[in-house]
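Undergrad: Contents of entry08.pdb (PDB, C-alpha atoms) are below:
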ATOM      1  CA  MET A  55     170.593  25.951  40.388
ATOM      2  CA  ASP A  56     170.220  24.919  36.740
ATOM      3  CA  GLN A  57     168.580  28.168  35.711
ATOM      4  CA  GLU A  58     171.040  30.921  34.793
ATOM      5  CA  ASN A  59     168.751  33.934  35.074
ATOM      6  CA  LEU A  60     166.388  35.586  37.505
ATOM      7  CA  SER A  61     163.457  37.821  36.698
ATOM      8  CA  ALA A  62     160.766  39.752  38.498
ATOM      9  CA  THR A  63     157.735  41.669  37.219
ATOM     10  CA  LEU A  64     155.843  44.601  38.720
ATOM     11  CA  THR A  65     153.071  46.870  37.488
ATOM     12  CA  ILE A  66     154.171  50.491  37.897
ATOM     13  CA  ALA A  67     151.712  53.392  38.100
ATOM     14  CA  ALA A  68     153.466  55.515  35.484
ATOM     15  CA  PRO A  69     153.513  55.730  31.683
ATOM     16  CA  ALA A  70     156.055  53.542  29.875
ATOM     17  CA  ALA A  71     157.903  56.579  28.499
ATOM     18  CA  ARG A  72     158.375  57.933  32.036
ATOM     19  CA  VAL A  73     159.619  54.581  33.369
ATOM     20  CA  PHE A  74     161.980  54.265  30.410
ATOM     21  CA  ALA A  75     163.325  57.792  30.994
ATOM     22  CA  VAL A  76     164.193  56.888  34.598
ATOM     23  CA  LEU A  77     165.986  53.728  33.442
ATOM     24  CA  ALA A  78     167.869  55.643  30.734
ATOM     25  CA  ASP A  79     169.199  58.084  33.344
ATOM     26  CA  PRO A  80     172.388  56.641  34.900
ATOM     27  CA  THR A  81     172.112  59.115  37.783
ATOM     28  CA  ALA A  82     168.953  57.266  38.923
ATOM     29  CA  HIS A  83     170.584  53.832  39.034
ATOM     30  CA  SER A  84     171.882  54.122  42.594
ATOM     31  CA  ALA A  85     168.337  54.907  43.777
ATOM     32  CA  ILE A  86     166.923  51.982  41.770
ATOM     33  CA  ASP A  87     169.483  49.425  42.959
ATOM     34  CA  GLY A  88     168.083  47.064  45.569
ATOM     35  CA  THR A  89     171.470  45.969  46.970
ATOM     36  CA  GLY A  90     173.064  49.312  47.821
ATOM     37  CA  TRP A  91     176.134  48.403  45.761
ATOM     38  CA  VAL A  92     175.613  51.085  43.082
ATOM     39  CA  GLN A  93     176.958  54.327  44.525
ATOM     40  CA  GLU A  94     177.068  57.001  41.833
ATOM     41  CA  ALA A  95     177.073  57.474  38.084
ATOM     42  CA  VAL A  96     180.445  58.495  36.693
ATOM     43  CA  ASP A  97     178.987  59.066  33.224
ATOM     44  CA  ARG A  98     175.815  61.090  33.730
ATOM     45  CA  ALA A  99     174.548  61.449  30.148
ATOM     46  CA  PRO A 100     171.246  59.706  29.345
ATOM     47  CA  LEU A 101     171.487  56.357  27.574
ATOM     48  CA  THR A 102     170.648  57.009  23.943
ATOM     49  CA  GLU A 103     172.300  54.350  21.774
ATOM     50  CA  VAL A 104     173.382  50.732  21.617
ATOM     51  CA  GLY A 105     177.112  50.491  22.262
ATOM     52  CA  GLN A 106     177.156  53.483  24.625
ATOM     53  CA  ILE A 107     179.389  52.978  27.657
ATOM     54  CA  PHE A 108     178.447  54.313  31.063
ATOM     55  CA  ARG A 109     180.387  53.828  34.259
ATOM     56  CA  MET A 110     179.189  53.470  37.834
ATOM     57  CA  ASP A 111     181.067  53.768  41.106
ATOM     58  CA  MET A 112     180.250  50.762  43.262
ATOM     59  CA  TYR A 113     180.834  49.461  46.772
ATOM     60  CA  HIS A 114     180.657  45.923  48.092
ATOM     61  CA  ALA A 115     182.089  44.842  51.447
ATOM     62  CA  ASN A 116     183.268  41.527  49.955
ATOM     63  CA  HIS A 117     185.025  43.135  46.975
ATOM     64  CA  PRO A 118     188.823  43.071  47.377
ATOM     65  CA  ASP A 119     188.943  46.883  47.103
ATOM     66  CA  GLY A 120     185.563  47.681  48.685
ATOM     67  CA  ASP A 121     185.087  50.597  46.292
ATOM     68  CA  TYR A 122     185.348  49.755  42.604
ATOM     69  CA  ARG A 123     184.065  50.894  39.224
ATOM     70  CA  MET A 124     181.965  49.039  36.673
ATOM     71  CA  ALA A 125     181.693  49.870  32.996
ATOM     72  CA  ASN A 126     178.372  49.081  31.336
ATOM     73  CA  LYS A 127     177.750  48.692  27.620
ATOM     74  CA  VAL A 128     174.232  49.328  26.358
ATOM     75  CA  GLN A 129     173.107  46.208  24.459
ATOM     76  CA  VAL A 130     169.370  46.882  24.078
ATOM     77  CA  LEU A 131     167.736  50.265  23.569
ATOM     78  CA  ASP A 132     164.184  50.243  22.242
ATOM     79  CA  PRO A 133     162.357  53.245  23.775
ATOM     80  CA  PRO A 134     160.014  52.877  25.583
ATOM     81  CA  ARG A 135     159.894  49.070  25.455
ATOM     82  CA  ALA A 136     163.315  47.684  26.447
ATOM     83  CA  ILE A 137     166.710  48.683  27.784
ATOM     84  CA  GLY A 138     169.615  46.508  28.853
ATOM     85  CA  TRP A 139     173.362  46.532  29.438
ATOM     86  CA  LEU A 140     176.393  44.314  29.988
ATOM     87  CA  PRO A 141     178.470  45.210  33.068
ATOM     88  CA  GLY A 142     182.141  44.493  33.497
ATOM     89  CA  PRO A 143     184.931  45.517  35.817
ATOM     90  CA  GLU A 144     186.858  48.549  34.659
ATOM     91  CA  LYS A 145     190.606  48.149  34.885
ATOM     92  CA  ASP A 146     193.095  50.999  34.835
ATOM     93  CA  ASP A 147     194.662  49.807  31.595
ATOM     94  CA  GLY A 148     193.610  47.739  28.640
ATOM     95  CA  PRO A 149     190.332  47.295  26.812
ATOM     96  CA  LEU A 150     186.999  46.955  28.553
ATOM     97  CA  GLU A 151     186.008  43.367  29.259
ATOM     98  CA  PHE A 152     182.449  42.454  30.082
ATOM     99  CA  GLY A 153     181.714  39.566  32.403
ATOM    100  CA  GLY A 154     178.958  37.838  30.440
ATOM    101  CA  TRP A 155     176.085  38.840  32.738
ATOM    102  CA  PHE A 156     173.475  41.415  31.785
ATOM    103  CA  TRP A 157     170.570  43.447  33.077
ATOM    104  CA  ARG A 158     167.454  43.961  30.990
ATOM    105  CA  TYR A 159     164.182  45.795  31.615
ATOM    106  CA  ASP A 160     161.186  45.016  29.409
ATOM    107  CA  LEU A 161     158.297  47.482  29.569
ATOM    108  CA  ALA A 162     154.740  46.683  28.480
ATOM    109  CA  PRO A 163     152.230  49.551  28.600
ATOM    110  CA  LEU A 164     148.998  48.382  30.229
ATOM    111  CA  SER A 165     147.267  51.766  29.946
ATOM    112  CA  PRO A 166     148.362  55.396  29.486
ATOM    113  CA  SER A 167     149.263  55.471  33.192
ATOM    114  CA  GLU A 168     150.399  51.903  33.957
ATOM    115  CA  THR A 169     153.368  49.865  32.790
ATOM    116  CA  GLU A 170     154.281  46.264  33.473
ATOM    117  CA  VAL A 171     158.053  46.058  33.948
ATOM    118  CA  THR A 172     160.060  42.847  33.917
ATOM    119  CA  LEU A 173     163.629  42.994  35.194
ATOM    120  CA  THR A 174     165.917  40.141  34.158
ATOM    121  CA  TYR A 175     169.416  39.364  35.390
ATOM    122  CA  ASP A 176     171.102  36.748  33.193
ATOM    123  CA  TRP A 177     174.494  35.181  33.802
ATOM    124  CA  SER A 178     174.338  32.364  31.217
ATOM    125  CA  ALA A 179     177.285  33.754  29.206
ATOM    126  CA  VAL A 180     179.657  34.154  32.171
ATOM    127  CA  PRO A 181     182.923  32.361  31.358
ATOM    128  CA  GLN A 182     184.361  29.752  33.693
ATOM    129  CA  SER A 183     187.237  32.094  34.622
ATOM    130  CA  PHE A 184     184.747  34.450  36.331
ATOM    131  CA  ARG A 185     182.766  31.602  37.878
ATOM    132  CA  GLU A 186     185.903  30.418  39.663
ATOM    133  CA  TYR A 187     185.851  33.435  41.965
ATOM    134  CA  LEU A 188     182.328  34.893  41.664
ATOM    135  CA  ARG A 189     179.101  33.220  42.780
ATOM    136  CA  PHE A 190     176.073  33.624  40.493
ATOM    137  CA  PRO A 191     173.711  35.095  41.169
ATOM    138  CA  PRO A 192     175.549  37.321  43.678
ATOM    139  CA  PHE A 193     172.244  38.229  45.404
ATOM    140  CA  GLY A 194     168.866  36.710  46.117
ATOM    141  CA  PRO A 195     165.755  37.109  43.957
ATOM    142  CA  GLU A 196     164.392  39.744  46.346
ATOM    143  CA  HIS A 197     166.995  42.147  44.945
ATOM    144  CA  LEU A 198     165.114  42.323  41.639
ATOM    145  CA  THR A 199     161.789  42.905  43.386
ATOM    146  CA  ASN A 200     163.348  45.615  45.577
ATOM    147  CA  SER A 201     164.813  47.298  42.502
ATOM    148  CA  LEU A 202     161.441  47.309  40.739
ATOM    149  CA  HIS A 203     159.765  48.872  43.779
ATOM    150  CA  HIS A 204     162.456  51.572  43.864
ATOM    151  CA  LEU A 205     161.924  52.177  40.142
ATOM    152  CA  ALA A 206     158.177  52.474  40.737
ATOM    153  CA  GLU A 207     158.728  55.093  43.442
ATOM    154  CA  LEU A 208     161.048  57.130  41.209
ATOM    155  CA  ALA A 209     158.792  56.928  38.152
ATOM    156  CA  ALA A 210     155.697  57.873  40.153
ATOM    157  CA  ALA A 211     157.481  60.790  41.837
ATOM    158  CA  THR A 212     158.743  62.177  38.543
ATOM    159  CA  SER A 213     155.298  61.738  36.971
ATOM    160  CA  ARG A 214     153.830  63.961  39.686
ATOM    161  CA  ALA A 215     156.595  66.577  39.401
TER     162      ALA A 215
END
For the file at hand, write its structure as structure tokens.

TA:
Amino acid sequence: MDQENLSATLTIAAPAARVFAVLADPTAHSAIDGTGWVQEAVDRAPLTEVGQIFRMDMYHANHPDGDYRMANKVQVLDPPRAIGWLPGPEKDDGPLEFGGWFWRYDLAPLSPSETEVTLTYDWSAVPQSFREYLRFPPFGPEHLTNSLHHLAELAAATSRA
């Protein structure tokens, strides 16, 4: 694969501000995730600024530890139009190191009650040292579509609440 990113787009029946609020809530990320790897938010505060770090407990059967933790650094925060973060493995000691891959959601309001959302996973900046033991992308393109459908369900449910 020459391309080093995947993206998927879905129209969600909810206002952009509502969709953005769901994305900015780390406690919703396990419900959004289409792989089942994201387990629970360690840092539960809403995402409010570039540079903010939030951690997630994860599980993957092929991970050496099974359970592990990822730190995420907010790179893009433009309410209600875009949000994105760089994940990286959290080690017990030393500074945080991010792997070079990132997640980004771009929101385009279509009407007061509809938002087009594009989810992009990009691994173009992953260094060779990570590529030696990790395969990119670590999931198929259906993961992004599944995640967008989960996001749509959450945003619609919270719009009705």

Undergrad: Go through A:Leu60, A:Ile86, A:Ser178, A:Leu101 one by one, measure the shortest atom-to-atom distance of each to A:Pro133 using only C-alpha atoms, and give the residue with the smallest value.

TA: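 Looking only at the distances to A:Pro133, the closest residue turns out to be A:Leu101.
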
Undergrad: Which residues match the PyMOL selection byres ((chain A and resi 166-170) around 12) in the file above, as an MDAnalysis selection string?

TA: chainID A and resid 62:74 134:136 159:165 171:173 202:203 205:206 209:210 213:214

Undergrad: Write out as a list in words the residues lying within 7 Å of stretch 108-117 of chain A, counting all atoms listed in the file and excluding same-chain residues fewer than 3 positions away.

TA: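 Skipping anything fewer than 3 positions along the chain leaves Trp91, Val92, Gln93, Glu94, Ala95, Val96, Asp97, Gly120, Asp121, Tyr122, Arg123, Met124, Ala125, Asn126 and Lys127 of chain A.
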
Undergrad: Can you spell out as a ChimeraX atom specification the set of residues that the PyMOL selection byres ((chain A and resi 147-156) around 10) selects in the structure I just provided?

TA: /A:58-59,107,124-129,138-146,157-158,174-181,183-185,190-191

Undergrad: On this file, the PyMOL selection byres ((chain A and resi 198) around 7) gives some set of residues; write that set as a list in words.

TA: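 Checking the PyMOL selection byres ((chain A and resi 198) around 7) against this file, the residues are Ser61, Ala62, Gly88, Leu173, Pro195, Glu196, His197, Thr199, Asn200, Ser201 and Leu202 of chain A.
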